[in-house]
Every structure is written in structure tokens, then in C-alpha cells.
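Raw final28.csv, CSV, N, CA and C atoms:
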chain,number,residue,atom,x,y,z
A,1,MET,N,-49.4,93.9,23.7
A,1,MET,CA,-48.6,94.7,22.9
A,1,MET,C,-47.4,93.9,22.4
A,2,THR,N,-47.1,94.1,21.1
A,2,THR,CA,-46.1,93.4,20.4
A,2,THR,C,-44.7,94.0,20.7
A,3,GLU,N,-43.7,93.2,21.0
A,3,GLU,CA,-42.4,93.8,21.2
A,3,GLU,C,-41.8,94.2,19.9
A,4,LYS,N,-41.0,95.2,19.9
A,4,LYS,CA,-40.3,95.7,18.7
A,4,LYS,C,-39.3,94.8,18.2
A,5,ILE,N,-39.2,94.5,16.9
A,5,ILE,CA,-38.2,93.7,16.3
A,5,ILE,C,-37.3,94.7,15.5
A,6,GLU,N,-36.0,94.6,15.7
A,6,GLU,CA,-35.0,95.4,15.0
A,6,GLU,C,-34.3,94.6,13.9
A,7,ILE,N,-34.3,95.2,12.7
A,7,ILE,CA,-33.6,94.6,11.6
A,7,ILE,C,-32.6,95.6,11.1
A,8,LYS,N,-31.3,95.1,11.0
A,8,LYS,CA,-30.2,96.0,10.6
A,8,LYS,C,-29.5,95.4,9.5
A,9,ALA,N,-29.3,96.2,8.4
A,9,ALA,CA,-28.5,95.7,7.3
A,9,ALA,C,-27.0,96.0,7.6
A,10,LEU,N,-26.2,95.0,7.5
A,10,LEU,CA,-24.8,95.2,7.8
A,10,LEU,C,-24.1,95.5,6.4
A,11,LYS,N,-23.1,96.4,6.5
A,11,LYS,CA,-22.4,96.7,5.3
A,11,LYS,C,-21.7,95.5,4.7
A,12,ASN,N,-22.0,95.2,3.5
A,12,ASN,CA,-21.4,94.0,2.8
A,12,ASN,C,-21.7,92.7,3.4
A,13,GLY,N,-22.9,92.7,4.2
A,13,GLY,CA,-23.3,91.5,4.9
A,13,GLY,C,-24.8,91.3,4.9
A,14,PRO,N,-25.2,90.4,5.9
A,14,PRO,CA,-26.6,90.0,6.0
A,14,PRO,C,-27.5,91.1,6.7
A,15,TYR,N,-28.8,90.8,6.7
A,15,TYR,CA,-29.7,91.5,7.6
A,15,TYR,C,-29.6,90.8,9.0
A,16,LEU,N,-29.4,91.5,10.1
A,16,LEU,CA,-29.5,91.0,11.4
A,16,LEU,C,-30.8,91.3,12.0
A,17,ILE,N,-31.5,90.3,12.6
A,17,ILE,CA,-32.8,90.5,13.2
A,17,ILE,C,-32.6,90.2,14.7
A,18,ALA,N,-33.0,91.1,15.5
A,18,ALA,CA,-32.9,90.9,17.0
A,18,ALA,C,-34.3,91.1,17.5
A,19,GLY,N,-34.7,90.3,18.5
A,19,GLY,CA,-36.0,90.4,19.1
A,19,GLY,C,-36.7,89.0,19.1
A,20,ASN,N,-37.9,89.1,19.4
A,20,ASN,CA,-38.7,87.8,19.4
A,20,ASN,C,-39.4,87.7,18.0
A,21,ALA,N,-39.1,86.6,17.3
A,21,ALA,CA,-39.6,86.4,16.0
A,21,ALA,C,-39.9,84.9,15.8
A,22,THR,N,-40.8,84.6,14.9
A,22,THR,CA,-41.1,83.2,14.5
A,22,THR,C,-41.0,83.1,13.0
A,23,PHE,N,-40.2,82.2,12.5
A,23,PHE,CA,-40.0,82.0,11.1
A,23,PHE,C,-40.9,80.8,10.7
A,24,MET,N,-41.6,80.9,9.6
A,24,MET,CA,-42.5,79.8,9.2
A,24,MET,C,-42.2,79.5,7.7
A,25,ASP,N,-42.1,78.2,7.4
A,25,ASP,CA,-41.9,77.8,6.0
A,25,ASP,C,-43.3,77.6,5.3
A,26,VAL,N,-43.3,77.2,4.0
A,26,VAL,CA,-44.5,77.1,3.2
A,26,VAL,C,-45.3,75.9,3.7
A,27,ASP,N,-44.7,75.0,4.4
A,27,ASP,CA,-45.4,73.8,4.9
A,27,ASP,C,-46.0,74.0,6.3
A,28,GLY,N,-45.8,75.2,6.9
A,28,GLY,CA,-46.3,75.5,8.2
A,28,GLY,C,-45.4,75.2,9.3
A,29,ASN,N,-44.2,74.7,9.0
A,29,ASN,CA,-43.2,74.4,10.1
A,29,ASN,C,-42.7,75.7,10.6
A,30,SER,N,-42.6,75.9,11.9
A,30,SER,CA,-42.1,77.2,12.5
A,30,SER,C,-41.0,77.0,13.5
A,31,LYS,N,-40.2,78.0,13.6
A,31,LYS,CA,-39.1,78.0,14.6
A,31,LYS,C,-39.1,79.4,15.2
A,32,ALA,N,-39.3,79.4,16.5
A,32,ALA,CA,-39.2,80.6,17.3
A,32,ALA,C,-37.7,80.9,17.6
A,33,VAL,N,-37.4,82.2,17.5
A,33,VAL,CA,-36.0,82.6,17.8
A,33,VAL,C,-36.0,83.7,18.9
A,34,ASP,N,-36.8,83.5,19.9
A,34,ASP,CA,-37.0,84.5,21.0
A,34,ASP,C,-35.7,84.8,21.7
A,35,GLY,N,-35.4,86.1,21.7
A,35,GLY,CA,-34.2,86.6,22.4
A,35,GLY,C,-32.9,86.3,21.7
A,36,LYS,N,-32.9,85.8,20.5
A,36,LYS,CA,-31.7,85.5,19.8
A,36,LYS,C,-31.5,86.4,18.5
A,37,MET,N,-30.3,86.4,18.0
A,37,MET,CA,-30.0,87.2,16.8
A,37,MET,C,-30.0,86.2,15.6
A,38,VAL,N,-30.6,86.6,14.5
A,38,VAL,CA,-30.7,85.8,13.3
A,38,VAL,C,-30.2,86.6,12.2
A,39,ALA,N,-29.4,86.0,11.3
A,39,ALA,CA,-28.8,86.6,10.1
A,39,ALA,C,-29.5,86.1,8.9
A,40,LEU,N,-30.1,87.0,8.1
A,40,LEU,CA,-30.8,86.6,6.9
A,40,LEU,C,-29.9,87.0,5.7
A,41,CYS,N,-29.9,86.2,4.7
A,41,CYS,CA,-29.1,86.4,3.5
A,41,CYS,C,-29.5,87.6,2.7
A,42,ARG,N,-28.5,88.4,2.3
A,42,ARG,CA,-28.8,89.6,1.5
A,42,ARG,C,-28.1,89.5,0.2
A,43,CYS,N,-27.1,88.6,0.0
A,43,CYS,CA,-26.4,88.5,-1.2
A,43,CYS,C,-27.1,87.6,-2.2
A,44,GLY,N,-28.0,86.7,-1.8
A,44,GLY,CA,-28.8,85.8,-2.6
A,44,GLY,C,-28.0,84.5,-3.0
A,45,GLN,N,-26.9,84.3,-2.4
A,45,GLN,CA,-26.1,83.1,-2.7
A,45,GLN,C,-26.0,82.1,-1.6
A,46,SER,N,-26.6,82.3,-0.5
A,46,SER,CA,-26.5,81.3,0.6
A,46,SER,C,-27.1,80.0,0.2
A,47,ALA,N,-26.5,78.9,0.7
A,47,ALA,CA,-27.0,77.6,0.5
A,47,ALA,C,-28.0,77.2,1.5
A,48,ASN,N,-28.2,78.1,2.5
A,48,ASN,CA,-29.2,77.9,3.6
A,48,ASN,C,-30.2,79.0,3.6
A,49,LYS,N,-30.6,79.5,2.5
A,49,LYS,CA,-31.6,80.6,2.4
A,49,LYS,C,-32.9,80.2,3.2
A,50,PRO,N,-33.5,81.2,3.9
A,50,PRO,CA,-33.2,82.6,3.8
A,50,PRO,C,-32.1,83.0,4.8
A,51,PHE,N,-31.4,82.1,5.4
A,51,PHE,CA,-30.5,82.4,6.4
A,51,PHE,C,-29.1,82.6,5.8
A,52,CYS,N,-28.3,83.4,6.4
A,52,CYS,CA,-26.9,83.7,6.0
A,52,CYS,C,-26.0,82.5,6.3
A,53,ASP,N,-25.1,82.1,5.4
A,53,ASP,CA,-24.1,81.0,5.7
A,53,ASP,C,-22.7,81.6,5.5
A,54,GLY,N,-22.6,82.9,5.3
A,54,GLY,CA,-21.2,83.5,5.2
A,54,GLY,C,-20.7,83.6,3.7
A,55,THR,N,-21.5,83.1,2.8
A,55,THR,CA,-21.1,83.1,1.4
A,55,THR,C,-20.8,84.5,0.9
A,56,HIS,N,-21.4,85.6,1.5
A,56,HIS,CA,-21.2,86.9,1.0
A,56,HIS,C,-19.7,87.3,1.1
A,57,ARG,N,-19.0,86.7,2.1
A,57,ARG,CA,-17.6,87.0,2.2
A,57,ARG,C,-16.8,86.3,1.0
A,58,LYS,N,-17.2,85.1,0.6
A,58,LYS,CA,-16.5,84.4,-0.4
A,58,LYS,C,-16.7,85.0,-1.8
A,59,ILE,N,-17.9,85.7,-2.0
A,59,ILE,CA,-18.2,86.2,-3.3
A,59,ILE,C,-17.9,87.8,-3.4
A,60,ASN,N,-17.4,88.3,-2.3
A,60,ASN,CA,-17.1,89.7,-2.2
A,60,ASN,C,-18.3,90.6,-2.4
A,61,PHE,N,-19.5,90.2,-1.8
A,61,PHE,CA,-20.7,90.9,-1.8
A,61,PHE,C,-20.5,92.3,-1.3
A,62,GLU,N,-21.0,93.3,-2.0
A,62,GLU,CA,-20.8,94.7,-1.6
A,62,GLU,C,-22.2,95.4,-1.6
A,63,SER,N,-22.5,96.0,-0.4
A,63,SER,CA,-23.8,96.8,-0.3
A,63,SER,C,-23.7,97.6,0.9
A,64,ASP,N,-24.2,98.8,0.8
A,64,ASP,CA,-24.2,99.7,2.0
A,64,ASP,C,-25.2,99.3,3.0
A,65,GLU,N,-25.2,100.0,4.1
A,65,GLU,CA,-26.2,99.7,5.2
A,65,GLU,C,-27.4,100.6,5.0
A,66,THR,N,-27.8,100.9,3.8
A,66,THR,CA,-28.9,101.8,3.6
A,66,THR,C,-30.2,101.1,3.7
A,67,LEU,N,-31.2,101.9,4.1
A,67,LEU,CA,-32.6,101.4,4.2
A,67,LEU,C,-33.2,101.4,2.8
A,68,VAL,N,-33.8,100.3,2.4
A,68,VAL,CA,-34.5,100.3,1.1
A,68,VAL,C,-36.0,100.5,1.4
A,69,VAL,N,-36.7,100.7,0.3
A,69,VAL,CA,-38.2,101.0,0.4
A,69,VAL,C,-38.8,99.6,0.8
A,70,LEU,N,-39.5,99.7,1.9
A,70,LEU,CA,-40.1,98.5,2.5
A,70,LEU,C,-41.6,98.4,2.2
A,71,PRO,N,-42.0,97.4,1.5
A,71,PRO,CA,-43.5,97.2,1.3
A,71,PRO,C,-44.1,96.8,2.6
A,72,ILE,N,-45.2,97.5,3.0
A,72,ILE,CA,-45.9,97.2,4.2
A,72,ILE,C,-47.2,96.4,3.8
A,73,LEU,N,-47.3,95.2,4.3
A,73,LEU,CA,-48.4,94.3,4.0
A,73,LEU,C,-49.4,94.5,5.1
A,74,GLU,N,-50.7,94.7,4.8
A,74,GLU,CA,-51.7,94.8,5.8
A,74,GLU,C,-52.8,93.8,5.6
This structure in C-alpha cells:
Amino acid sequence: MTEKIEIKALKNGPYLIAGNATFMDVDGNSKAVDGKMVALCRCGQSANKPFCDGTHRKINFESDETLVVLPILE
């Protein structure tokens, strides 16, 4: 059984992901973040995409904590 992963959109900030997850790049390099919190960029301006580097504060990014339509890939 797969453990649930929680993704939360912070107001005016990144997506926070909590739980066991593995991130993989196009070259197949992977990094497991088991039991840690990861912040993914939502403003599109991070120099460390897909991860948040705090740029949203510098550019005054504004967005609610609303849930967007999520495409489900099967």
C-alpha cells in the first residue's frame, strides 16, 4: 500500500509536499525525500526550479491557497 502524499499550496508561496516522495530528472537521476518537507516553485521565477528558492517574496507573488484542476495521468 502506498503512503499518502500531501501537497499544500501556500498563500502567496510555494507548494509544500509532505510524505515519502522521489523526484527524478530527465536523465534518470533521482532523489528520495522520505519523511521531509519539500517546497516546489509556484511563481515560476525560482533559479532552482522545480524547487522554491524564495523568489516569490522578492517579486511579490500573489496567489490564493485554492485547489486547481489537477490532470490525473494513468
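Nearest residue to Cys52 in chain A, choosing from A:Asn20, A:Glu65, A:Leu10, A:Tyr15 and counting all atoms listed in the file: A:Tyr15.
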TODO: For atom N of Met37 in chain A and atom C of Lys49 in chain A, quote the distance in Å rounded to one decimal.
DONE: 16.3 Å
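We find CA of Lys11 in chain A and CA of Thr66 in chain A to be spaced 8.4 Å apart.
DSSP secondary structure from the backbone places A:Glu6, A:Ile7, A:Lys8, A:Ala9, A:Tyr15, A:Leu16, A:Ile17, A:Ala18, A:Gly19, A:Thr22, A:Phe23, A:Met24, A:Ser30, A:Lys31, A:Ala32, A:Lys36, A:Met37, A:Val38, A:Ala39, A:Leu40, A:Phe51 of chain A in strand (DSSP E or B).
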